[in-house]
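To keep things clear, I will list the structure first and then write my remarks on it.
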Amino acid sequence: MRIPRQRGRTRNEEAAWCDEYDVLDIARRITRLGSANLGLLIVTAAYTGMRWGELTGLRRDAVDLDTGTFSVHPDHGALHEINGHHSYGPPKTAASVRTVTLPPFLTTLLTQDLAAHRREHVFTTVTGKLLRRSTTQRRYWAPAVSGCTLPDDTLWKPIKPGLTFHGLRHSHKTWLIEDNIPDVAQARRLGHAMNNDIYSHVAHKINTRILRVLEDRWQRSLKPGRTKTRKL
């Protein structure tokens, strides 16, 4: 597999984001390169806004499929990787300790995926091991996002050069802004602290609206006759 050489990322590239069509294309490519579970990781990152460590450290006991939620634990809610060694610890900030609600389609996909294996972690390598960021970037993310030539000479055109995995989190926030979700609800969902936050919770009707607009995005991305078409 031949991957075009990339130059160092610029500040603008670090802030790159993508739409729902790009997300689906990236997920489909990574599914082909790796597994359906890895493709689902991409979709989950984009539609929850969760960080890499929160997702790679996510275990079955933190998933409630009945209520459609993930729980980020204050003590071991993130998987950290330092000098090649994994460890569990708290998420990035105190505000990151939260319950993340899932749009219906994502609960369905996760239910199907978790039924297909008995691994402790929700997202793993194709052999069931903990994910490493650098390996995932090299083997799956870079060829899927930046384009490459597959062993069978299939040419994948670039989808979003400069997009990082963290860019999926930027994408989620951008979607919430586009759909006029209040700032406090954005902050709660992404695990951001808000200065002078007078709200003790996000109203149920606002959360319902978040899930509805996310569901709409997913369904829109699946429709035939999409505006973006690439060789997948």
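Residue numbers start at 1 in each chain; chains themselves are named A, B, ... in the order of the structure tokens; ligands are numbered from 1 in the order shown.
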
- [ ] For A:Arg132, list every protein, DNA or RNA residue within 9 Å, evaluated using only C-alpha atoms, and leave out those in the same chain fewer than 2 positions away; present the list as a PyMOL selection string.
- [x] chain A and resi 56+81+84+86+125+130+134-137

Prev. selection, C-alpha atoms, output as a PDB file, in the first residue's frame:
ATOM      1  CA  THR A  56      -9.891   3.418  23.666  1.00  0.00           C
ATOM      2  CA  GLU A  81      -0.180   5.787  26.680  1.00  0.00           C
ATOM      3  CA  GLY A  84       4.636   2.723  24.764  1.00  0.00           C
ATOM      4  CA  HIS A  86      -0.747   1.749  28.706  1.00  0.00           C
ATOM      5  CA  THR A 125      -7.114  -3.916  17.452  1.00  0.00           C
ATOM      6  CA  LEU A 130      -5.485  -2.258  23.319  1.00  0.00           C
ATOM      7  CA  SER A 134       0.697   5.766  16.468  1.00  0.00           C
ATOM      8  CA  THR A 135      -0.077   2.337  15.028  1.00  0.00           C
ATOM      9  CA  THR A 136      -3.690   3.245  14.324  1.00  0.00           C
ATOM     10  CA  GLN A 137      -2.560   6.463  12.663  1.00  0.00           C
TER      11      GLN A 137
END

Using only C-alpha atoms, find each residue of stretch 53-150 of chain A with at least one atom at most 12 Å away from an atom of stretch 219-223 of chain A; report its shortest atom-to-atom pair and that distance in Å (one decimal), sort the rows by chain and rising residue number, and return the result as CSV.
residue,atom,partner,partner_atom,distance
A:Pro103,CA,A:Gln219,CA,11.0
A:Pro104,CA,A:Gln219,CA,10.8
A:Phe105,CA,A:Gln219,CA,8.6
A:Leu106,CA,A:Gln219,CA,11.2

Preceding selection exported with C-alpha atoms as a compact mmCIF listing (two decimals), in the first residue's frame:
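The result, written out as selection_11.txt:
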# COMPACT_ATOMS: atom_id res chain seq x y z
CA PRO A 103 -28.21 8.73 19.01
CA PRO A 104 -30.40 5.68 18.30
CA PHE A 105 -28.46 4.47 15.25
CA LEU A 106 -25.24 4.36 17.27

Task: Expected answer as a PyMOL selection string: strand (DSSP E) residues in stretch 1-225 of chain A - done: chain A and resi 63-64+69-71+78-82+85-89+99-101+148-149+155-156

I'd like a table as JSON lines: residues in stretch 81-168 of chain A with an atom no more than 8 Å from stretch 34-53 of chain A, each row giving the shortest atom pair and its distance in Å to one decimal, only C-alpha atoms counted, sorted by chain and rising residue number.
{"residue": "A:Pro91", "atom": "CA", "partner": "A:Gly53", "partner_atom": "CA", "distance": 7.7}
{"residue": "A:Val100", "atom": "CA", "partner": "A:Thr48", "partner_atom": "CA", "distance": 7.0}
{"residue": "A:Thr101", "atom": "CA", "partner": "A:Thr48", "partner_atom": "CA", "distance": 7.7}
{"residue": "A:Leu102", "atom": "CA", "partner": "A:Thr48", "partner_atom": "CA", "distance": 7.0}
{"residue": "A:Pro103", "atom": "CA", "partner": "A:Tyr47", "partner_atom": "CA", "distance": 7.9}
{"residue": "A:Leu106", "atom": "CA", "partner": "A:Thr44", "partner_atom": "CA", "distance": 7.2}
{"residue": "A:Leu109", "atom": "CA", "partner": "A:Leu40", "partner_atom": "CA", "distance": 7.8}
{"residue": "A:Leu110", "atom": "CA", "partner": "A:Leu40", "partner_atom": "CA", "distance": 7.9}
{"residue": "A:Asp113", "atom": "CA", "partner": "A:Asn37", "partner_atom": "CA", "distance": 6.9}
{"residue": "A:Phe123", "atom": "CA", "partner": "A:Asn37", "partner_atom": "CA", "distance": 6.3}
{"residue": "A:Thr124", "atom": "CA", "partner": "A:Leu38", "partner_atom": "CA", "distance": 7.3}
{"residue": "A:Thr125", "atom": "CA", "partner": "A:Leu38", "partner_atom": "CA", "distance": 7.5}
{"residue": "A:Val126", "atom": "CA", "partner": "A:Ser35", "partner_atom": "CA", "distance": 6.3}
{"residue": "A:Tyr140", "atom": "CA", "partner": "A:Gly34", "partner_atom": "CA", "distance": 7.0}
{"residue": "A:Phe165", "atom": "CA", "partner": "A:Trp52", "partner_atom": "CA", "distance": 7.5}
{"residue": "A:His166", "atom": "CA", "partner": "A:Arg51", "partner_atom": "CA", "distance": 7.0}
{"residue": "A:Leu168", "atom": "CA", "partner": "A:Ala46", "partner_atom": "CA", "distance": 4.8}

Kindly save the residues from that selection, with N, CA and C atoms included, as a tab-separated table (two decimals), in the first residue's frame.
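And here's part04.tsv as it stands now:
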chain	number	residue	atom	x	y	z
A	91	PRO	N	-9.92	11.13	33.18
A	91	PRO	CA	-9.95	11.84	31.89
A	91	PRO	C	-9.24	13.19	32.03
A	100	VAL	N	-22.38	10.33	28.44
A	100	VAL	CA	-22.56	10.73	27.05
A	100	VAL	C	-23.73	9.94	26.46
A	101	THR	N	-24.72	10.65	25.97
A	101	THR	CA	-25.88	9.98	25.37
A	101	THR	C	-25.63	9.70	23.89
A	102	LEU	N	-26.21	8.62	23.40
A	102	LEU	CA	-25.97	8.15	22.03
A	102	LEU	C	-27.22	8.29	21.18
A	103	PRO	N	-27.06	8.74	19.93
A	103	PRO	CA	-28.21	8.73	19.01
A	103	PRO	C	-28.63	7.28	18.76
A	106	LEU	N	-26.51	4.76	16.68
A	106	LEU	CA	-25.24	4.36	17.27
A	106	LEU	C	-25.44	3.28	18.33
A	109	LEU	N	-25.81	0.08	16.36
A	109	LEU	CA	-24.54	-0.43	15.83
A	109	LEU	C	-23.68	-1.02	16.94
A	110	LEU	N	-23.66	-0.37	18.08
A	110	LEU	CA	-22.86	-0.87	19.21
A	110	LEU	C	-23.43	-2.18	19.76
A	113	ASP	N	-22.28	-4.85	17.40
A	113	ASP	CA	-20.84	-5.10	17.49
A	113	ASP	C	-20.47	-5.82	18.78
A	123	PHE	N	-13.54	-1.01	21.95
A	123	PHE	CA	-12.76	-0.82	20.72
A	123	PHE	C	-11.34	-1.35	20.91
A	124	THR	N	-10.91	-2.23	19.99
A	124	THR	CA	-9.60	-2.86	20.11
A	124	THR	C	-8.97	-3.02	18.72
A	125	THR	N	-7.75	-3.55	18.71
A	125	THR	CA	-7.11	-3.92	17.45
A	125	THR	C	-7.85	-5.12	16.87
A	126	VAL	N	-7.48	-5.51	15.67
A	126	VAL	CA	-8.14	-6.65	15.04
A	126	VAL	C	-7.86	-7.95	15.79
A	140	TYR	N	-4.14	2.75	9.57
A	140	TYR	CA	-5.53	2.94	9.17
A	140	TYR	C	-5.90	4.39	8.88
A	165	PHE	N	-7.34	12.52	14.19
A	165	PHE	CA	-8.41	11.86	14.92
A	165	PHE	C	-9.11	12.86	15.83
A	166	HIS	N	-8.35	13.74	16.43
A	166	HIS	CA	-8.94	14.77	17.30
A	166	HIS	C	-9.87	15.68	16.50
A	168	LEU	N	-12.15	14.78	14.67
A	168	LEU	CA	-13.51	14.26	14.78
A	168	LEU	C	-14.25	14.93	15.94

Task: Shell of 10 Å around A:His73, only C-alpha atoms, local chain residues under 3 positions omitted, as a list of chain:residue names - done: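 Everything that qualifies: A:Glu54, A:Leu58, A:Ala62, A:Phe70, A:His76, A:Gly77, A:Ala78, A:Gly89, A:Pro90, A:Pro91, A:Ser96, A:Val97, A:Arg98, A:Thr99.
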
Open item on the list: Between atom CA of A:Asp61 and atom CA of A:Thr111, what distance in Å does the model show, to one decimal?
Closed with: 13.4 Å

Open item on the list: Report, in Å to a single decimal, how far apart atom CA of A:Arg138 and atom CA of A:Pro161 are.
Closed with: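 Atom CA of A:Arg138 lies 14.2 Å from atom CA of A:Pro161.
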
Task: Backbone-only DSSP, alpha helix (DSSP H) members of stretch 166-222 of chain A, as an NGL selection string - done: :A and (166-178 or 183-190 or 204-222)

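Comparing the minimum interatomic distances between A:Trp17 and each of A:Ser171, A:Gln186, A:Asn180, A:Thr149, counting only C-alpha atoms, we find that A:Ser171 sits nearest.
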
- [ ] Could you check how far atom CA of A:Val184 sits from atom CA of A:Ile26, in Å to one decimal?
- [x]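 Spanning atom CA of A:Val184 to atom CA of A:Ile26 is a straight-line distance of 29.7 Å.
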
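Shortest atom-to-atom contact with A:Pro143 among A:Leu33, A:Cys18, A:Leu55, A:Leu176: A:Leu33, counting only C-alpha atoms.
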